[in-house]
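*Asks:* Sharing start-v6.cif here; it has mmCIF, C-alpha atoms and all ligand atoms.
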```
data_work
loop_
_atom_site.label_atom_id
_atom_site.label_comp_id
_atom_site.auth_asym_id
_atom_site.auth_seq_id
_atom_site.Cartn_x
_atom_site.Cartn_y
_atom_site.Cartn_z
CA MET T 755 30.99 -14.27 25.42
CA ARG T 756 28.20 -16.86 25.76
CA MET T 757 24.82 -16.41 24.07
CA VAL T 758 23.01 -17.87 27.09
CA ASP T 759 24.37 -15.03 29.26
CA VAL T 760 23.11 -12.42 26.78
CA ILE T 761 19.67 -14.08 26.82
CA THR T 762 19.40 -14.23 30.63
CA LYS T 763 20.67 -10.66 30.98
CA LYS T 764 17.86 -9.34 28.77
CA ARG T 765 15.31 -11.76 30.27
CA ASP T 766 16.08 -10.26 33.70
CA GLY T 767 15.34 -6.75 32.47
CA ASN T 768 18.86 -5.46 31.86
CA LYS T 769 20.39 -3.32 29.16
CA LEU T 770 22.66 -5.03 26.61
CA THR T 771 26.04 -3.53 25.71
CA LYS T 772 27.08 -2.66 22.16
CA GLU T 773 29.41 -5.71 22.21
CA GLU T 774 26.65 -8.08 23.33
CA ILE T 775 24.30 -6.82 20.60
CA ASP T 776 27.04 -7.09 17.99
CA PHE T 777 27.84 -10.59 19.22
CA PHE T 778 24.34 -11.96 18.64
CA VAL T 779 23.64 -10.11 15.35
CA LYS T 780 26.93 -11.08 13.72
CA GLY T 781 26.88 -14.54 15.27
CA PHE T 782 23.42 -15.26 13.91
CA SER T 783 24.36 -13.88 10.47
CA ASN T 784 27.47 -16.05 10.18
CA GLY T 785 25.72 -19.18 11.47
CA SER T 786 27.66 -19.51 14.75
CA ILE T 787 24.60 -18.87 16.95
CA PRO T 788 21.60 -21.17 16.43
CA ASP T 789 18.11 -19.84 15.74
CA TYR T 790 16.62 -21.32 18.96
CA GLN T 791 18.88 -19.05 21.03
CA VAL T 792 18.14 -15.99 18.89
CA SER T 793 14.39 -16.79 19.13
CA SER T 794 14.68 -16.80 22.88
CA LEU T 795 16.51 -13.48 22.94
CA LEU T 796 13.95 -11.93 20.56
CA MET T 797 11.16 -12.98 22.95
CA ALA T 798 13.08 -11.42 25.86
CA ILE T 799 13.45 -8.19 23.83
CA TYR T 800 9.73 -8.35 22.99
CA PHE T 801 8.82 -8.38 26.71
CA VAL T 802 11.60 -6.25 28.23
CA GLY T 803 12.18 -3.81 25.34
CA MET T 804 15.33 -1.90 24.47
CA ASP T 805 16.28 1.70 25.21
CA MET T 806 17.35 4.12 22.48
CA GLU T 807 21.07 3.38 22.83
CA GLU T 808 20.47 -0.36 22.48
CA THR T 809 18.14 0.21 19.52
CA ILE T 810 20.73 2.37 17.72
CA ASN T 811 23.43 -0.22 18.43
CA LEU T 812 21.17 -2.96 17.10
CA THR T 813 20.53 -0.93 13.92
CA ARG T 814 24.29 -0.34 13.45
CA SER T 815 25.18 -4.03 13.94
CA MET T 816 22.51 -5.05 11.43
CA ILE T 817 23.73 -2.51 8.83
CA GLU T 818 27.26 -3.88 9.21
CA THR T 819 26.12 -7.33 8.07
CA GLY T 820 25.64 -6.07 4.49
CA VAL T 821 26.67 -3.48 1.93
CA VAL T 822 25.99 0.23 2.37
CA LEU T 823 25.23 2.27 -0.74
CA ASP T 824 27.25 5.44 -1.20
CA LEU T 825 25.20 7.86 -3.29
CA ASP T 826 27.67 10.77 -2.97
CA GLU T 827 28.47 10.85 -6.67
CA ILE T 828 24.79 11.54 -7.45
CA LYS T 829 24.16 15.28 -7.28
CA GLY T 830 21.07 16.63 -5.56
CA TYR T 831 19.01 15.90 -2.46
CA LYS T 832 18.25 12.18 -2.24
CA VAL T 833 15.05 10.93 -0.68
CA ASP T 834 13.90 7.40 0.10
CA LYS T 835 10.28 6.89 1.08
CA HIS T 836 8.93 3.98 3.09
CA SER T 837 5.48 2.97 4.26
CA THR T 838 4.97 0.56 7.14
CA GLY T 839 2.42 -1.09 4.85
CA GLY T 840 -1.24 -0.74 4.14
CA VAL T 841 -4.11 -1.72 1.86
CA GLY T 842 -4.31 0.16 -1.46
CA ASP T 843 -1.10 2.03 -0.65
CA LYS T 844 0.45 2.98 -3.97
CA THR T 845 1.73 6.36 -2.74
CA SER T 846 5.37 5.91 -3.86
CA LEU T 847 4.24 5.44 -7.48
CA VAL T 848 2.95 9.02 -7.42
CA VAL T 849 5.24 10.74 -4.90
CA GLY T 850 8.43 9.48 -6.64
CA PRO T 851 7.77 11.01 -10.08
CA LEU T 852 6.13 14.08 -8.56
CA VAL T 853 9.12 15.07 -6.41
CA ALA T 854 11.57 14.01 -9.16
CA SER T 855 9.72 16.36 -11.55
CA LEU T 856 10.64 19.13 -9.09
CA GLY T 857 14.35 18.30 -8.92
CA VAL T 858 14.55 15.91 -5.93
CA VAL T 859 16.41 12.63 -6.50
CA PHE T 860 14.28 9.62 -5.53
CA PRO T 861 16.25 6.36 -5.11
CA LYS T 862 13.79 3.89 -3.64
CA MET T 863 14.58 0.36 -2.54
CA SER T 864 11.42 -1.57 -1.96
CA GLY T 865 10.00 -4.93 -0.98
CA ARG T 866 7.31 -7.36 -2.07
CA GLY T 867 3.93 -7.72 -0.42
CA LEU T 868 3.05 -10.44 2.06
CA GLY T 869 -0.30 -11.14 3.69
CA PHE T 870 -2.92 -8.44 3.43
CA THR T 871 -0.52 -5.62 2.48
CA GLY T 872 0.74 -5.11 -1.05
CA GLY T 873 4.28 -4.28 -2.13
CA THR T 874 5.46 -1.56 -4.53
CA ILE T 875 7.72 -4.02 -6.37
CA ASP T 876 4.81 -6.34 -7.22
CA LYS T 877 2.74 -3.40 -8.42
CA LEU T 878 5.51 -2.23 -10.75
CA GLU T 879 6.02 -5.75 -12.08
CA SER T 880 2.42 -5.74 -13.26
CA ILE T 881 3.59 -3.33 -15.99
CA PRO T 882 4.76 -5.65 -18.81
CA GLY T 883 8.56 -5.57 -19.20
CA PHE T 884 9.24 -3.60 -16.02
CA ASN T 885 12.58 -4.59 -14.45
CA VAL T 886 13.02 -4.19 -10.68
CA LEU T 887 16.43 -5.90 -10.53
CA LEU T 888 18.94 -3.27 -11.60
CA ASP T 889 22.65 -3.43 -10.82
CA LYS T 890 24.46 -0.54 -9.18
CA LYS T 891 25.66 0.89 -12.52
CA ALA T 892 22.13 0.95 -13.95
CA ILE T 893 20.72 2.47 -10.75
CA PHE T 894 23.29 5.28 -10.82
CA ARG T 895 22.70 5.93 -14.52
CA GLU T 896 18.94 6.17 -14.00
CA LEU T 897 19.32 8.49 -11.01
CA LYS T 898 21.64 10.79 -12.96
CA GLU T 899 19.52 10.84 -16.12
CA ILE T 900 15.97 10.72 -14.76
CA GLY T 901 16.28 11.54 -11.07
CA MET T 902 14.46 8.46 -9.78
CA CYS T 903 14.42 4.69 -9.65
CA ILE T 904 12.45 2.07 -7.74
CA VAL T 905 14.25 -1.24 -7.41
CA SER T 906 13.97 -4.40 -5.40
CA GLN T 907 16.12 -4.35 -2.29
CA SER T 908 19.55 -5.78 -3.00
CA GLU T 909 20.15 -9.26 -1.55
CA ASP T 910 23.33 -8.11 0.19
CA LEU T 911 21.78 -5.12 1.98
CA VAL T 912 21.37 -5.77 5.75
CA LYS T 913 21.66 -9.56 5.62
CA ALA T 914 20.86 -9.86 9.33
CA ASP T 915 17.42 -8.35 8.82
CA LYS T 916 16.30 -11.09 6.46
CA LEU T 917 17.34 -13.77 8.93
CA ILE T 918 15.98 -12.05 12.02
CA TYR T 919 12.73 -11.02 10.31
CA SER T 920 12.02 -14.60 9.17
CA LEU T 921 12.54 -15.78 12.74
CA ARG T 922 10.33 -13.01 14.17
CA ASP T 923 7.62 -13.98 11.71
CA VAL T 924 7.36 -17.50 13.16
CA THR T 925 8.06 -16.74 16.84
CA GLY T 926 5.42 -14.08 17.52
CA THR T 927 8.03 -11.33 17.93
CA VAL T 928 7.17 -9.02 15.03
CA PRO T 929 5.20 -6.39 17.01
CA SER T 930 8.11 -5.02 19.07
CA ILE T 931 8.91 -1.33 18.55
CA PRO T 932 12.75 -1.57 18.83
CA LEU T 933 12.74 -4.60 16.52
CA ILE T 934 10.46 -2.99 13.91
CA ALA T 935 12.29 0.36 14.07
CA SER T 936 15.78 -1.17 13.73
CA SER T 937 14.58 -3.47 10.93
CA ILE T 938 13.10 -0.63 8.86
CA MET T 939 15.80 1.93 9.62
CA SER T 940 18.77 -0.40 9.01
CA LYS T 941 17.56 -0.94 5.43
CA LYS T 942 16.78 2.72 4.84
CA ILE T 943 20.12 3.95 6.25
CA ALA T 944 22.04 1.36 4.22
CA SER T 945 20.27 2.65 1.07
CA GLY T 946 22.19 5.94 1.39
CA ALA T 947 19.53 8.69 0.99
CA ASP T 948 19.76 12.12 2.70
CA LEU T 949 16.13 12.13 3.82
CA ILE T 950 14.08 9.14 4.92
CA SER T 951 10.40 9.95 4.47
CA LEU T 952 8.24 7.55 6.48
CA ASP T 953 4.54 6.78 6.29
CA VAL T 954 3.55 5.12 9.57
CA LYS T 955 0.11 3.61 9.10
CA VAL T 956 -2.26 3.21 12.00
CA GLY T 957 -5.55 1.30 12.09
CA SER T 958 -7.10 -2.06 11.29
CA GLY T 959 -5.11 -2.51 8.06
CA ALA T 960 -1.75 -1.64 9.64
CA PHE T 961 0.90 -3.16 11.89
CA MET T 962 0.21 -0.45 14.45
CA LYS T 963 -3.38 -0.74 15.59
CA ASP T 964 -3.35 2.27 17.94
CA LEU T 965 -2.03 5.82 17.78
CA ASP T 966 0.09 5.65 20.96
CA ASN T 967 2.21 2.85 19.53
CA ALA T 968 2.40 4.53 16.11
CA ILE T 969 3.77 7.67 17.81
CA LYS T 970 6.28 5.60 19.83
CA LEU T 971 7.47 3.82 16.67
CA SER T 972 7.77 7.14 14.81
CA LYS T 973 9.77 8.76 17.63
CA CYS T 974 12.04 5.73 17.78
CA MET T 975 12.77 5.86 14.02
CA ILE T 976 13.42 9.63 14.13
CA GLU T 977 15.87 9.09 17.01
CA ILE T 978 17.65 6.29 15.14
CA GLY T 979 17.98 8.70 12.19
CA LYS T 980 19.64 11.25 14.49
CA GLY T 981 22.09 8.59 15.66
CA PHE T 982 23.24 8.21 12.02
CA ASN T 983 23.01 11.90 11.03
CA LYS T 984 20.05 11.21 8.76
CA LYS T 985 17.06 13.48 8.48
CA VAL T 986 13.83 11.54 9.09
CA HIS T 987 10.28 12.81 8.90
CA VAL T 988 7.10 10.85 9.53
CA ILE T 989 3.49 11.24 8.55
CA ILE T 990 1.19 9.06 10.63
CA SER T 991 -1.78 8.27 8.41
CA ASN T 992 -5.03 6.40 8.81
CA MET T 993 -5.30 2.78 7.66
CA ASP T 994 -8.71 1.91 9.09
CA SER T 995 -10.09 2.01 5.55
CA PRO T 996 -8.08 1.32 2.35
CA LEU T 997 -6.28 4.21 0.64
CA GLY T 998 -7.87 5.26 -2.66
CA CYS T 999 -10.27 2.95 -4.50
CA ALA T 1000 -8.02 0.31 -6.09
CA ILE T 1001 -6.57 -2.72 -4.28
CA GLY T 1002 -4.56 -5.17 -6.39
CA ASN T 1003 -1.48 -4.76 -8.55
CA ASN T 1004 -2.38 -3.55 -12.05
CA LEU T 1005 -5.56 -1.93 -10.69
CA GLU T 1006 -3.36 0.17 -8.38
CA VAL T 1007 -0.95 1.09 -11.19
CA ILE T 1008 -3.94 2.32 -13.22
CA GLU T 1009 -5.13 4.37 -10.22
CA ALA T 1010 -1.62 5.85 -9.87
CA ILE T 1011 -1.65 6.78 -13.58
CA ASN T 1012 -5.03 8.49 -13.17
CA THR T 1013 -3.73 10.35 -10.12
CA LEU T 1014 -0.62 11.49 -12.01
CA LYS T 1015 -3.02 12.93 -14.60
CA GLY T 1016 -4.84 14.83 -11.85
CA ASN T 1017 -7.83 12.44 -11.74
CA GLY T 1018 -7.10 10.40 -8.61
CA PRO T 1019 -9.34 9.62 -5.64
CA LYS T 1020 -9.40 12.58 -3.22
CA ASP T 1021 -7.92 10.81 -0.19
CA PHE T 1022 -5.09 9.31 -2.20
CA GLU T 1023 -4.21 12.59 -3.93
CA LYS T 1024 -4.28 14.34 -0.56
CA LEU T 1025 -1.75 11.95 1.01
CA CYS T 1026 0.53 12.09 -2.05
CA LEU T 1027 0.53 15.89 -1.96
CA GLU T 1028 1.21 15.95 1.79
CA PHE T 1029 4.28 13.72 1.40
CA SER T 1030 5.53 15.55 -1.70
CA LYS T 1031 5.10 18.93 -0.02
CA ARG T 1032 7.14 17.84 3.02
CA ILE T 1033 9.86 16.32 0.81
CA ILE T 1034 10.12 19.43 -1.40
CA TYR T 1035 10.35 21.58 1.73
CA ASP T 1036 13.04 19.44 3.41
CA ALA T 1037 14.97 19.34 0.12
CA LYS T 1038 14.95 23.17 0.28
CA ILE T 1039 13.42 23.52 -3.18
CA THR T 1040 11.46 26.25 -1.39
CA ASN T 1041 11.44 27.35 2.24
CA ASP T 1042 7.71 27.99 2.31
CA LEU T 1043 5.34 25.07 2.94
CA ASP T 1044 2.41 26.66 1.09
CA GLU T 1045 4.62 27.30 -1.93
CA ALA T 1046 5.85 23.67 -1.70
CA TYR T 1047 2.23 22.47 -1.81
CA LYS T 1048 1.47 24.68 -4.81
CA LEU T 1049 4.51 23.43 -6.75
CA CYS T 1050 3.43 19.83 -6.11
CA TYR T 1051 -0.23 20.46 -6.90
CA ASP T 1052 0.70 22.16 -10.18
CA ASN T 1053 2.99 19.36 -11.36
CA LEU T 1054 0.35 16.77 -10.55
CA HIS T 1055 -2.14 18.63 -12.73
CA ASN T 1056 0.03 19.99 -15.58
CA GLY T 1057 1.38 16.64 -16.84
CA LYS T 1058 4.97 17.07 -15.55
CA ALA T 1059 4.72 14.37 -12.87
CA PHE T 1060 3.01 12.03 -15.37
CA ASN T 1061 5.77 12.61 -17.94
CA LYS T 1062 8.39 11.84 -15.28
CA PHE T 1063 6.55 8.58 -14.49
CA LYS T 1064 6.68 7.64 -18.18
CA GLU T 1065 10.44 8.37 -18.36
CA PHE T 1066 10.94 6.20 -15.26
CA VAL T 1067 8.86 3.27 -16.57
CA LYS T 1068 10.68 3.43 -19.92
CA ALA T 1069 14.11 3.55 -18.24
CA GLN T 1070 13.30 0.36 -16.33
CA GLY T 1071 12.10 -1.48 -19.43
CA GLY T 1072 8.34 -1.11 -18.89
CA ASN T 1073 6.11 -1.03 -21.97
CA ILE T 1074 5.04 2.58 -22.23
CA LYS T 1075 1.97 1.70 -24.37
CA TYR T 1076 0.27 0.46 -21.21
CA ILE T 1077 0.90 3.76 -19.45
CA ASP T 1078 -0.55 5.73 -22.36
CA ASN T 1079 -3.47 3.35 -22.67
CA PRO T 1080 -4.25 1.55 -19.38
CA ASP T 1081 -7.08 -0.39 -21.12
CA LEU T 1082 -4.30 -2.65 -22.43
CA PHE T 1083 -3.57 -4.07 -18.94
CA ASP T 1084 -4.73 -7.69 -18.46
CA LYS T 1085 -8.25 -7.97 -17.15
CA ALA T 1086 -9.45 -10.75 -14.88
CA LYS T 1087 -11.98 -13.15 -16.44
CA ASN T 1088 -14.52 -12.58 -13.63
CA ILE T 1089 -15.51 -8.97 -12.94
CA ILE T 1090 -18.40 -8.92 -10.50
CA GLU T 1091 -20.25 -6.02 -8.91
CA ILE T 1092 -21.17 -6.20 -5.22
CA LYS T 1093 -24.36 -4.42 -4.19
CA SER T 1094 -25.08 -2.92 -0.79
CA ASN T 1095 -27.56 -4.77 1.45
CA LYS T 1096 -27.92 -1.70 3.70
CA LYS T 1097 -28.90 1.94 3.41
CA GLY T 1098 -26.96 4.76 5.09
CA TYR T 1099 -23.58 6.44 5.33
CA ILE T 1100 -20.43 4.37 4.97
CA ASN T 1101 -18.50 4.95 8.20
CA LYS T 1102 -15.59 2.63 7.50
CA ILE T 1103 -14.43 -0.09 5.11
CA ILE T 1104 -12.41 -2.43 7.33
CA ALA T 1105 -9.00 -2.36 5.65
CA ASN T 1106 -7.55 -5.67 6.79
CA LYS T 1107 -10.70 -7.56 5.71
CA ILE T 1108 -10.47 -5.93 2.27
CA GLY T 1109 -6.73 -6.72 2.12
CA ILE T 1110 -7.36 -10.38 2.96
CA SER T 1111 -10.23 -10.55 0.44
CA SER T 1112 -8.00 -9.12 -2.28
CA MET T 1113 -5.31 -11.67 -1.40
CA LYS T 1114 -7.90 -14.50 -1.65
CA LEU T 1115 -8.90 -13.24 -5.10
CA GLY T 1116 -5.28 -13.79 -6.18
CA ALA T 1117 -3.75 -10.32 -5.72
CA GLY T 1118 -1.51 -11.17 -2.75
CA ARG T 1119 0.62 -13.87 -1.17
CA GLU T 1120 -0.32 -15.95 1.84
CA LYS T 1121 3.14 -17.57 1.77
CA LYS T 1122 6.35 -16.05 0.36
CA GLU T 1123 6.40 -18.56 -2.53
CA ASP T 1124 2.84 -17.83 -3.76
CA ILE T 1125 2.47 -16.44 -7.27
CA ILE T 1126 0.51 -13.23 -7.71
CA ASP T 1127 -2.23 -12.66 -10.26
CA PHE T 1128 -1.53 -9.07 -11.38
CA SER T 1129 -5.06 -8.52 -12.68
CA ALA T 1130 -6.86 -9.60 -9.48
CA GLY T 1131 -8.18 -7.27 -6.82
CA ILE T 1132 -10.99 -5.00 -5.73
CA ILE T 1133 -12.27 -1.58 -6.78
CA LEU T 1134 -14.17 0.30 -4.10
CA ASN T 1135 -17.00 2.08 -5.90
CA LYS T 1136 -17.97 3.84 -2.69
CA LYS T 1137 -15.79 5.29 0.07
CA PRO T 1138 -16.29 6.34 3.70
CA GLU T 1139 -18.72 9.27 4.10
CA ASP T 1140 -20.62 8.28 0.90
CA PHE T 1141 -24.38 7.65 1.26
CA VAL T 1142 -25.64 4.39 -0.24
CA ASN T 1143 -29.03 2.83 -0.90
CA ILE T 1144 -29.80 -0.88 -0.89
CA GLY T 1145 -28.77 -2.22 -4.30
CA ASP T 1146 -26.10 0.42 -5.01
CA VAL T 1147 -22.81 -1.00 -6.30
CA ILE T 1148 -20.26 -0.53 -3.51
CA ALA T 1149 -17.38 -2.64 -4.80
CA THR T 1150 -16.27 -4.65 -7.84
CA ILE T 1151 -14.13 -7.76 -7.64
CA TYR T 1152 -11.61 -8.86 -10.28
CA THR T 1153 -10.49 -12.48 -10.20
CA ASN T 1154 -9.50 -15.45 -12.32
CA LYS T 1155 -10.65 -17.81 -9.56
CA ASP T 1156 -14.01 -19.52 -9.82
CA ASN T 1157 -14.90 -19.70 -6.17
CA PHE T 1158 -15.48 -16.34 -4.55
CA ASP T 1159 -18.82 -16.42 -2.68
CA ASP T 1160 -17.08 -16.25 0.74
CA VAL T 1161 -15.03 -13.28 -0.43
CA ILE T 1162 -18.16 -11.41 -1.52
CA LYS T 1163 -19.64 -11.98 1.94
CA ASP T 1164 -16.44 -10.72 3.62
CA ILE T 1165 -16.39 -7.61 1.45
CA LEU T 1166 -20.04 -6.87 2.30
CA ASP T 1167 -19.22 -7.34 6.01
CA SER T 1168 -16.29 -4.96 5.79
CA PHE T 1169 -18.56 -2.03 4.86
CA ILE T 1170 -19.70 -0.47 8.15
CA ILE T 1171 -22.84 1.49 7.32
CA SER T 1172 -24.99 3.55 9.71
CA ASP T 1173 -27.43 6.46 9.63
CA LYS T 1174 -24.75 8.83 10.96
CA ASN T 1175 -22.05 10.36 8.77
CA ILE T 1176 -18.76 9.90 10.64
CA LYS T 1177 -15.63 11.63 9.35
CA GLU T 1178 -12.37 9.68 9.09
CA GLU T 1179 -9.16 11.67 9.60
CA LEU T 1180 -6.64 10.69 6.88
CA ILE T 1181 -3.52 12.57 7.94
CA ILE T 1182 -3.16 12.18 11.67
CA LYS T 1183 0.19 13.66 12.61
CA PHE T 1184 3.47 14.99 11.21
CA MET T 1185 6.67 14.43 13.17
CA ASP T 1186 10.33 15.22 12.55
N1 LIG F 1201 8.71 -3.78 8.03
C1 LIG F 1201 10.01 -4.12 8.18
O1 LIG F 1201 10.81 -3.94 7.27
N2 LIG F 1201 10.39 -4.65 9.36
C2 LIG F 1201 9.55 -4.86 10.39
O2 LIG F 1201 9.97 -5.33 11.42
C3 LIG F 1201 8.20 -4.51 10.23
C4 LIG F 1201 7.81 -3.96 9.03
#
```
Turn this file's structure into structure tokens for me.
Ligand code: URA
*Replies:*
Amino acid sequence: MRMVDVITKKRDGNKLTKEEIDFFVKGFSNGSIPDYQVSSLLMAIYFVGMDMEETINLTRSMIETGVVLDLDEIKGYKVDKHSTGGVGDKTSLVVGPLVASLGVVFPKMSGRGLGFTGGTIDKLESIPGFNVLLDKKAIFRELKEIGMCIVSQSEDLVKADKLIYSLRDVTGTVPSIPLIASSIMSKKIASGADLISLDVKVGSGAFMKDLDNAIKLSKCMIEIGKGFNKKVHVIISNMDSPLGCAIGNNLEVIEAINTLKGNGPKDFEKLCLEFSKRIIYDAKITNDLDEAYKLCYDNLHNGKAFNKFKEFVKAQGGNIKYIDNPDLFDKAKNIIEIKSNKKGYINKIIANKIGISSMKLGAGREKKEDIIDFSAGIILNKKPEDFVNIGDVIATIYTNKDNFDDVIKDILDSFIISDKNIKEELIIKFMD
């Protein structure tokens, strides 16, 4: 087989066979096909697309380039949750302990943040001592004893994805539904859970800017799941404005702690309960959705989910004193309030602008190698639908940098304020 024939076949609008897909994925992973040819094929896929059979074959070939975790020896229903990425999205930090407190096993493999979206692994590492690099033995022990773990994705899981994703990043071929779906699903299937619970974000602070594409991506991932006998459910949720009030690593951990004590921001608690309810229901802890909601609500407010979070942090080496007393977390040297220059209802807080501002304050990475400042970020003192007067504090920035005037201007610009109160829908659609 010649790579040039595979490229021209796709370029001319044709369907690739399983063998042709396997040829380029394995060939690229073992170094026998150069990146300029794979770049060209990725661009052809970007324009021509792939049907479901091709997408499932692509997912399978990618999985076969790495290890697959077998979780069979762990008893119970195993759930892995994944978000396509957003601003202020710390949902897994709450959903994990909440569903684990109700008997579901939560083995989550996660990534680091890049650009304007944060990553669960970075957030957890802002807890002093927390270890995200566990070996298989430690992961299994934690799952058996505590019922949850959140670890950094193993280096040998889906090797092809790392290579292909890096190439997509620099060739303008990230926003392709079959490529995104196979990239996400290959990693989730290789992680071995029974249920893959997906949060597909839509809006300014998300990959998917419009609902039609978010629905297409969701359908595609559900279909891939079927091809591998894996249950997949999706909640499409709004990412026009950030989720919750905290953006930035230790600020988000503190917000998760408050939420686990029943004192979280309303929108964030709502999304956590929606995911937990669906997980509890699919895990057959109860066969009634209202009862599932009640079980989750109760454990979020009676301390059981919080206690599970503490067990989890302790098991992964995190210093529990910080969880009991979040005032101990490092604070940035500059903490500056931003005051509104307009009067009216907040209609929207443009999520990607806030994400980029938080990154500029030190909370995120522009390039993979950048080092994160765990104490940097933004607290939104006001949220969409709130009424503000000129001079009211709408946000607070946390930074160790000395130059932040441009960021303050960007944050002010990201608050869309008018005399009409416009409602934002948080949970847009459930699909399975
Ligand atoms: N997240 C992934 O893991 N892969 C993509 O292609 C896009 C988002």
*Asks:* Name the residues, by chain letter and number, that sit within 9 Å of ligand LIG 1201 (chain F) using all atoms listed in the file, and give them as an MDAnalysis selection string.
*Replies:* chainID T and resid 837:839 865 915 919 922:923 928:941 961
*Asks:* Please, which residues in region 836-954 of chain T fall within 7 Å of region 983-988 of chain T when counting only C-alpha atoms, and what is the closest atom pair and distance in Å to one decimal for each, ordered by chain then residue number, as JSON lines?
*Replies:*
```
{"residue": "T:Asp948", "atom": "CA", "partner": "T:Lys984", "partner_atom": "CA", "distance": 6.1}
{"residue": "T:Leu949", "atom": "CA", "partner": "T:Lys985", "partner_atom": "CA", "distance": 4.9}
{"residue": "T:Ile950", "atom": "CA", "partner": "T:Val986", "partner_atom": "CA", "distance": 4.8}
{"residue": "T:Ser951", "atom": "CA", "partner": "T:His987", "partner_atom": "CA", "distance": 5.3}
{"residue": "T:Leu952", "atom": "CA", "partner": "T:Val988", "partner_atom": "CA", "distance": 4.6}
{"residue": "T:Asp953", "atom": "CA", "partner": "T:Val988", "partner_atom": "CA", "distance": 5.8}
{"residue": "T:Val954", "atom": "CA", "partner": "T:Val988", "partner_atom": "CA", "distance": 6.7}
```
*Asks:* Taking all atoms listed in the file into account, which of T:Pro1019, T:Gly873, T:Gly883, T:Gly901 comes nearest Gln1070 (chain T)?
*Replies:*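 Result for the nearest residue to Gln1070 (chain T): T:Gly883.
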*Asks:* Could you please determine the separation between CA of Leu796 (chain T) and CA of Thr927 (chain T) in Å, to one decimal place?
*Replies:*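 Going from CA of Leu796 (chain T) over to CA of Thr927 (chain T), I get 6.5 Å.
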*Asks:* Pick out the closest residue to Leu917 (chain T) from this set: T:Glu977, T:Asp843, T:Asp766, T:Asp789. Count only C-alpha atoms.
*Replies:*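 For Leu917 (chain T), the nearest of the candidates is T:Asp789.
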*Asks:* Quick one: residues within 12 Å of Glu818 (chain T), only C-alpha atoms counted, chain neighbours fewer than 2 positions away excluded, as a VMD selection string?
*Replies:* chain T and resid 776 779 to 780 783 811 to 816 820 to 823 910 to 915 940 to 941 943 to 944
*Asks:* CA of Thr1150 (chain T) and CA of Gly1131 (chain T) are how many Å apart?
*Replies:* 8.6 Å
*Asks:* Under the rule that all atoms listed in the file are counted, which of T:Tyr800, T:Lys942, T:Ser855, T:Asp876 is the nearest residue to Phe982 (chain T)?
*Replies:* T:Lys942
*Asks:* Measuring between only C-alpha atoms, which one of T:Leu1005, T:Leu1025, T:Thr845, T:Phe1063 shows the shortest distance to Asp1084 (chain T)?
*Replies:* T:Leu1005
*Asks:* With only C-alpha atoms as the basis for distance, which of T:Val841, T:Leu1082, T:Leu1014, T:Val1067 is at the shortest distance from Lys1107 (chain T)?
*Replies:*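 Of T:Val841, T:Leu1082, T:Leu1014, T:Val1067, the one nearest Lys1107 (chain T), counting only C-alpha atoms, is T:Val841.
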*Asks:* Please indicate the distance in Å from CA of Val758 (chain T) to CA of Ile799 (chain T), rounded to one decimal place.
*Replies:* 14.0 Å
*Asks:* Considering all atoms listed in the file, state which residue in the set T:Ser864, T:Ser991, T:Asn1004, T:Ser1111 is at the smallest distance from Asp1160 (chain T).
*Replies:*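 Closest residue, counting all atoms listed in the file: T:Ser1111.
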